[in-house]
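Peer 1: One structure coming up, written as structure tokens, with questions to follow.
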4 protein chains.
Amino acid sequence: MKIILFFNPFKIDLERIKKTIYPVFKKYNIQILKILSAGSGLKEDIAESADYYVVLGGDGTVLRIAEMAAINQKPIIGINLGNLGFLNAFSQDQIEKAARDIINNKLRFSDRLAINCSISGKKYTALNDIVIQKSQPLGTIDLEVKIENHTVYSFLGDGVIVSSPTGSTGYSLSAGGPIIHPSLEVIELIPLAPHALNIRPIIVPTKKNININIKTIASGFAYVTGDGDIIHRLESGMALTVNGAEKKIKLAEQCDDDYFTLLNSKLAFGRRFE
Amino acid sequence: MKIILFFNPFKIDLERIKKTIYPVFKKYNIQILKILSAGSGLKEDIAESADYYVVLGGDGTVLRIAEMAAINQKPIIGINLGNLGFLNAFSQDQIEKAARDIINNKLRFSDRLAINCSISGKKYTALNDIVIQKSQPLGTIDLEVKIENHTVYSFLGDGVIVSSPTGSTGYSLSAGGPIIHPSLEVIELIPLAPHALNIRPIIVPTKKNININIKTIASGFAYVTGDGDIIHRLESGMALTVNGAEKKIKLAEQCDDDYFTLLNSKLAFGRRFE
Amino acid sequence: MKIILFFNPFKIDLERIKKTIYPVFKKYNIQILKILSAGSGLKEDIAESADYYVVLGGDGTVLRIAEMAAINQKPIIGINLGNLGFLNAFSQDQIEKAARDIINNKLRFSDRLAINCSISGKKYTALNDIVIQKSQPLGTIDLEVKIENHTVYSFLGDGVIVSSPTGSTGYSLSAGGPIIHPSLEVIELIPLAPHALNIRPIIVPTKKNININIKTIASGFAYVTGDGDIIHRLESGMALTVNGAEKKIKLAEQCDDDYFTLLNSKLAFGRRFE
Amino acid sequence: MKIILFFNPFKIDLERIKKTIYPVFKKYNIQILKILSAGSGLKEDIAESADYYVVLGGDGTVLRIAEMAAINQKPIIGINLGNLGFLNAFSQDQIEKAARDIINNKLRFSDRLAINCSISGKKYTALNDIVIQKSQPLGTIDLEVKIENHTVYSFLGDGVIVSSPTGSTGYSLSAGGPIIHPSLEVIELIPLAPHALNIRPIIVPTKKNININIKTIASGFAYVTGDGDIIHRLESGMALTVNGAEKKIKLAEQCDDDYFTLLNSKLAFGRRFE
């Protein structure tokens, strides 16, 4: 079994990994092809020869690996170094359990919908969301959303979120979107501070092309981001195409039935106070 | 081609149908097996021998035929006698077009998810929604929602809506739910006036069993309704099971791509006022 | 010092009050003019001769005394027999403290806006809210809200809540309204499940007349309630007038600055989960 | 009668004003002390010697004059050069009516609550809102809101809006806040994309100090703006104080009773689509 170990350098360093994590994986005969900081470049042959991408960090660190995992079709196994996240199968005191589950093929993987975004010839794949958003505190964006050439809406506001079910507990939730079970294959569109009363979150099929036209950026800048990374700076007149990726991202899970337990634990969703 | 003609007696009567609609269908050699008020009983052999159920009325009339259509797997063709609805393919001045499209096999049908509800040995199939709701203006329901034996939430409030994508523009929308494209196969759960801050609409898979336990009804009555019809009166301690029906309801559509145009036209969704 | 003691018979009985509460008040020379179940009738001369109305129960019990307290302009001192409520100054283990604070004039009272409702010659005063709501699970109300003869909105839905700031943590909150500091003198209007996208909660002055016209009740019944009590059954064509009451309801408080602490404690409002 | 004429240079120029507007005011013996672009500096003695500030532009232009009007206690008379706004008494074809109403003292003025903001020794007065908001598309702000030293909430999110009733139809509305009648004296706090389920808009008294502590800015920049102008760049550890201004801003209105008509006309609020 061969893995690549990605880590969040703000949460752990190479020395500590070599002392505390490396020996555990070695004990279980798991071969670590490479240990590198999430976001660093990686030679393609190594990226392709691993069986799994093991990620040490939080949800953000998993998101930084997501696109590479989508491209190379490698399953992600997240080990959370802080509080248990939505995207991590193991907590930091379960490293031995992680190694054991890997070597014994005991892991279950869930297929997560990823979202593709194309703009000016550039492509990006996100696990959580593609966000079109003004940057400066001043001004608004005037944008239009079309699906297969039919206008869904156009409005003046801060932008729009295109979220996967996995992303529905992230920025989408903050912006008023519903929670979507991560096993589903749908895309959610959530307006960001629209200056209109008649726009609501909508859930649409993944196969149709969502076209977002940036009609006007009143002042300042606007950007499109993928999982929180800047993909492209936006200018008036630009257009993006977004849709569901054909290839799923495989994410290790301890127990998919526990999704609502996770919601309760992380967000106090549905928790009763009395 | 054989059809059964269902009508809303508050919008049209038998005499007018015979004068204005019957001759049109006859002209196109469409055989009308039966003309009856929506909601009336129908012999099973007639119900099964029709090719289509043609419904004269509004969305409400289509909903009253939905369960029978689901059971007998007959496509519904709605002709709206008032304003264009969400569930009608034709408006009242398109009766000739409807007949022509039927005989020329030019109709397109969309498969709509229906929702099953079981309570106390009784079963019901709804096209829009199953609603658990207190009836009296006094008191609240204390209910718990579980999915495959995992608690989603429990709360004191007015009740809960279990909606199909088709129902997402109905009561679900009034209660704050997102709009879901009707081609999708998902179920939406929307709390009704929960006395809690941490409950949001959630979108879940159709295959899993949703169990709703009525813990306490503080005072007065509560009911479970299917598409607006009372299925059962609820009492403290009762339990319901809801899930997606295996058999879809076939609904005639003029153009499924126009869903967002329909939203704009019916609800002013995304319409721009300036 | 003279008080009347009102109690919730579902939470405490006369015998227990005589054993556990009566002696405490007696010890502090507080004269109990009358002990009676909240909601029972009371001779006017007794109602007027008391200095305070002491209420044993929860928020609901205080609400049942609110109208009488408004009419007779008597301050309410709530002692909660269950969990601490929004309207109670003392918890059940603070009875001695309550008696001591009463006799030593150490209580602080906050003036709470009450809401008047007139319908068909009947008047009602509520501390929390006046609610117009359909009763049956079927059908909708078509109603129109006007302020000083200018239309605010009209819609098809389940009804409308007219809430005081005190009521903003009650049914109003469940229906999506904001939280309003109870010291403020404003009225909040919250639509109940409007089948429209363009209606939001609004906050209006207390002096203007709010007229609510019941245009149509589609089927079944509808009622107007005050603090959860039925005031009147509604029929198509009826009209109500609602406005802020001139006389405030005086409510004992331990510490008005702690309103946000109370919100956190009762509703987990703003509580951080990490 | 003496006025200063402020204009939005993107909508009208000096030459056109001299040709089309100057003669009208002259005809009615209204003395124009100065014509200047909104936002330009103005000598204090001139600013003080005018009776009114007449503003040619949209809502944004009125907002740019608001602070100066608050300081010098001069009433604002807005003439809208585009579509009728919320803050303008006259439309562009009513210039003669405006002049006539000014000279005949026929104008009615409404007192609008303004909001003071203090940060790092700097003070600012806004008519609509004070907004704390992250600028970069990346990262979040961790902020805490206190009122008179009691914590209201703290959260990770995009920021917070402190809005006057006048501002309740602006950015506050986009962020999910209720609509507040502009005659009221209350302050509204609306969280911007909080990553929490248990935070709602709250309405608080104007006299109490609202303290906002910027605990951490995860990455990028954050700013505090007043009516859309940058007041100060924010850094982790900074603190702001916000409260209602004692001096009201006087705004000319044609008819205050028409507020809901204005809402219907500008935002389609409550408009019925059928």
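Every chain in the structure tokens has a letter given in the order shown (A, B, ...), and although residue numbers restart at 1 in each chain, ligands are simply numbered from 1 in the order shown.
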Write out as a list in words which residues come within 12 Å of Val24 (chain A) when counting only C-alpha atoms, dropping same-chain ones fewer than 5 positions away.
Peer 2: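 These residues fall inside the cut-off: Ile17, Lys18, Lys19, Asn29, Ile30, Gln31, Ile32, Asp93, Gln94, Ile95, Glu96, Lys97, Ala98, Ala99, Arg100, Ile102 and Ile103 of chain A.
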Peer 1: Selected residues, all heavy atoms, written as a compact mmCIF listing (two decimals), in the first residue's frame, please.
Peer 2:
```txt
# COMPACT_ATOMS: atom_id res chain seq x y z
N ILE A 17 6.02 15.04 12.17
CA ILE A 17 5.45 13.94 11.39
C ILE A 17 6.38 12.75 11.41
O ILE A 17 5.97 11.61 11.60
CB ILE A 17 5.19 14.41 9.93
CG1 ILE A 17 4.06 15.46 9.90
CG2 ILE A 17 4.83 13.23 9.04
CD1 ILE A 17 3.87 16.12 8.55
N LYS A 18 7.70 13.04 11.21
CA LYS A 18 8.68 11.94 11.16
C LYS A 18 8.78 11.21 12.49
O LYS A 18 9.07 10.01 12.53
CB LYS A 18 10.04 12.50 10.74
CG LYS A 18 10.08 12.76 9.24
CD LYS A 18 11.46 13.12 8.73
CE LYS A 18 11.43 13.26 7.21
NZ LYS A 18 12.57 14.05 6.69
N LYS A 19 8.56 11.95 13.55
CA LYS A 19 8.66 11.35 14.88
C LYS A 19 7.40 10.57 15.26
O LYS A 19 7.48 9.49 15.81
CB LYS A 19 8.88 12.47 15.91
CG LYS A 19 10.24 12.35 16.63
CD LYS A 19 10.35 13.36 17.73
CE LYS A 19 11.76 13.93 17.80
NZ LYS A 19 11.81 15.22 18.48
N ASN A 29 3.48 -1.39 7.52
CA ASN A 29 3.96 -1.63 6.15
C ASN A 29 3.27 -0.75 5.09
O ASN A 29 3.05 -1.19 3.97
CB ASN A 29 3.79 -3.10 5.77
CG ASN A 29 4.79 -3.94 6.54
OD1 ASN A 29 5.97 -3.57 6.66
ND2 ASN A 29 4.32 -5.05 7.09
N ILE A 30 2.89 0.43 5.50
CA ILE A 30 2.35 1.37 4.51
C ILE A 30 3.50 2.23 4.03
O ILE A 30 4.21 2.85 4.83
CB ILE A 30 1.24 2.25 5.13
CG1 ILE A 30 0.05 1.35 5.53
CG2 ILE A 30 0.79 3.32 4.14
CD1 ILE A 30 -0.93 2.04 6.43
N GLN A 31 3.68 2.25 2.72
CA GLN A 31 4.82 2.96 2.15
C GLN A 31 4.47 4.43 1.92
O GLN A 31 3.51 4.73 1.21
CB GLN A 31 5.19 2.29 0.81
CG GLN A 31 6.52 2.76 0.27
CD GLN A 31 6.80 2.15 -1.09
OE1 GLN A 31 6.17 1.16 -1.47
NE2 GLN A 31 7.71 2.75 -1.84
N ILE A 32 5.23 5.33 2.54
CA ILE A 32 4.98 6.76 2.34
C ILE A 32 5.87 7.24 1.19
O ILE A 32 7.08 7.35 1.33
CB ILE A 32 5.26 7.56 3.63
CG1 ILE A 32 4.32 7.07 4.76
CG2 ILE A 32 5.05 9.05 3.39
CD1 ILE A 32 4.43 7.83 6.05
N ASP A 93 -6.07 11.48 17.39
CA ASP A 93 -5.67 10.36 18.26
C ASP A 93 -6.06 9.02 17.64
O ASP A 93 -6.05 7.99 18.31
CB ASP A 93 -6.26 10.53 19.67
CG ASP A 93 -7.76 10.80 19.65
OD1 ASP A 93 -8.32 10.86 18.54
OD2 ASP A 93 -8.35 10.98 20.72
N GLN A 94 -6.41 9.03 16.36
CA GLN A 94 -6.79 7.78 15.69
C GLN A 94 -5.81 7.42 14.57
O GLN A 94 -6.16 6.72 13.63
CB GLN A 94 -8.19 7.91 15.09
CG GLN A 94 -9.31 8.06 16.13
CD GLN A 94 -10.66 8.16 15.46
OE1 GLN A 94 -10.84 9.01 14.59
NE2 GLN A 94 -11.60 7.34 15.85
N ILE A 95 -4.56 7.88 14.68
CA ILE A 95 -3.60 7.64 13.59
C ILE A 95 -3.32 6.14 13.43
O ILE A 95 -3.28 5.62 12.32
CB ILE A 95 -2.31 8.47 13.82
CG1 ILE A 95 -2.65 9.95 13.56
CG2 ILE A 95 -1.19 8.03 12.88
CD1 ILE A 95 -1.68 10.92 14.14
N GLU A 96 -3.20 5.49 14.53
CA GLU A 96 -2.95 4.03 14.46
C GLU A 96 -4.16 3.33 13.82
O GLU A 96 -4.00 2.46 12.97
CB GLU A 96 -2.68 3.48 15.87
CG GLU A 96 -2.42 1.99 15.87
CD GLU A 96 -1.13 1.62 16.61
OE1 GLU A 96 -0.56 2.49 17.32
OE2 GLU A 96 -0.68 0.46 16.48
N LYS A 97 -5.35 3.73 14.25
CA LYS A 97 -6.58 3.15 13.67
C LYS A 97 -6.63 3.41 12.16
O LYS A 97 -7.00 2.53 11.37
CB LYS A 97 -7.81 3.76 14.34
CG LYS A 97 -9.13 3.16 13.86
CD LYS A 97 -10.32 3.76 14.56
CE LYS A 97 -11.61 2.99 14.26
NZ LYS A 97 -11.75 2.49 12.90
N ALA A 98 -6.21 4.61 11.75
CA ALA A 98 -6.20 4.96 10.33
C ALA A 98 -5.29 3.99 9.57
O ALA A 98 -5.66 3.42 8.54
CB ALA A 98 -5.75 6.41 10.14
N ALA A 99 -4.08 3.82 10.09
CA ALA A 99 -3.10 2.94 9.42
C ALA A 99 -3.64 1.51 9.34
O ALA A 99 -3.57 0.85 8.29
CB ALA A 99 -1.78 2.97 10.20
N ARG A 100 -4.23 1.05 10.42
CA ARG A 100 -4.78 -0.30 10.47
C ARG A 100 -5.93 -0.46 9.46
O ARG A 100 -6.00 -1.44 8.72
CB ARG A 100 -5.30 -0.58 11.89
CG ARG A 100 -4.98 -1.98 12.39
CD ARG A 100 -5.13 -2.08 13.91
NE ARG A 100 -6.25 -1.29 14.38
CZ ARG A 100 -6.25 -0.59 15.53
NH1 ARG A 100 -5.18 -0.59 16.31
NH2 ARG A 100 -7.31 0.10 15.89
N ILE A 102 -6.39 1.28 6.77
CA ILE A 102 -5.85 1.34 5.41
C ILE A 102 -5.33 -0.02 4.99
O ILE A 102 -5.70 -0.55 3.94
CB ILE A 102 -4.73 2.41 5.31
CG1 ILE A 102 -5.33 3.83 5.43
CG2 ILE A 102 -3.96 2.27 4.00
CD1 ILE A 102 -4.29 4.94 5.56
N ILE A 103 -4.49 -0.59 5.82
CA ILE A 103 -3.84 -1.85 5.44
C ILE A 103 -4.82 -3.01 5.39
O ILE A 103 -4.67 -3.95 4.60
CB ILE A 103 -2.63 -2.15 6.38
CG1 ILE A 103 -1.58 -2.96 5.62
CG2 ILE A 103 -3.04 -2.84 7.67
CD1 ILE A 103 -0.85 -2.18 4.55
```
Peer 1: Identify all chain A residues at most 8 Å from chain C by counting only C-alpha atoms; ligands do not count. Present them as an MDAnalysis selection string.
Peer 2: chainID A and resid 83 197:199 266:268 273:274
Peer 1: Assign secondary structure with DSSP using the backbone only, and return the residues of region 35-230 of chain B in helix (DSSP H, G or I) as a PyMOL selection string.
Peer 2: chain B and resi 44-49+59-72+92-103+166-169+171-174
Peer 1: Using only C-alpha atoms, which protein or nucleic acid residues come within 6 Å of region 107-117 of chain B? Drop anything in the same chain fewer than 5 positions from it, and give the result as an NGL selection string.
Peer 2: :B and (101 or 123-127 or 241-245 or 248-253)
Peer 1: Excluding region 135-148 of chain C and residues on its chain fewer than 5 positions from it, collect all residues at most 7 Å away from it, counting only C-alpha atoms, and give them as a VMD selection string.
Peer 2: (chain B and resid 133 135 to 137 223 228) or (chain C and resid 153 to 159 208 to 223)
Peer 1: When you draw a straight line from CA of Leu36 (chain B) to CA of Arg64 (chain B), how long is it in Å?
Peer 2: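 Atom-to-atom, CA of Leu36 (chain B) to CA of Arg64 (chain B), that is 12.4 Å.
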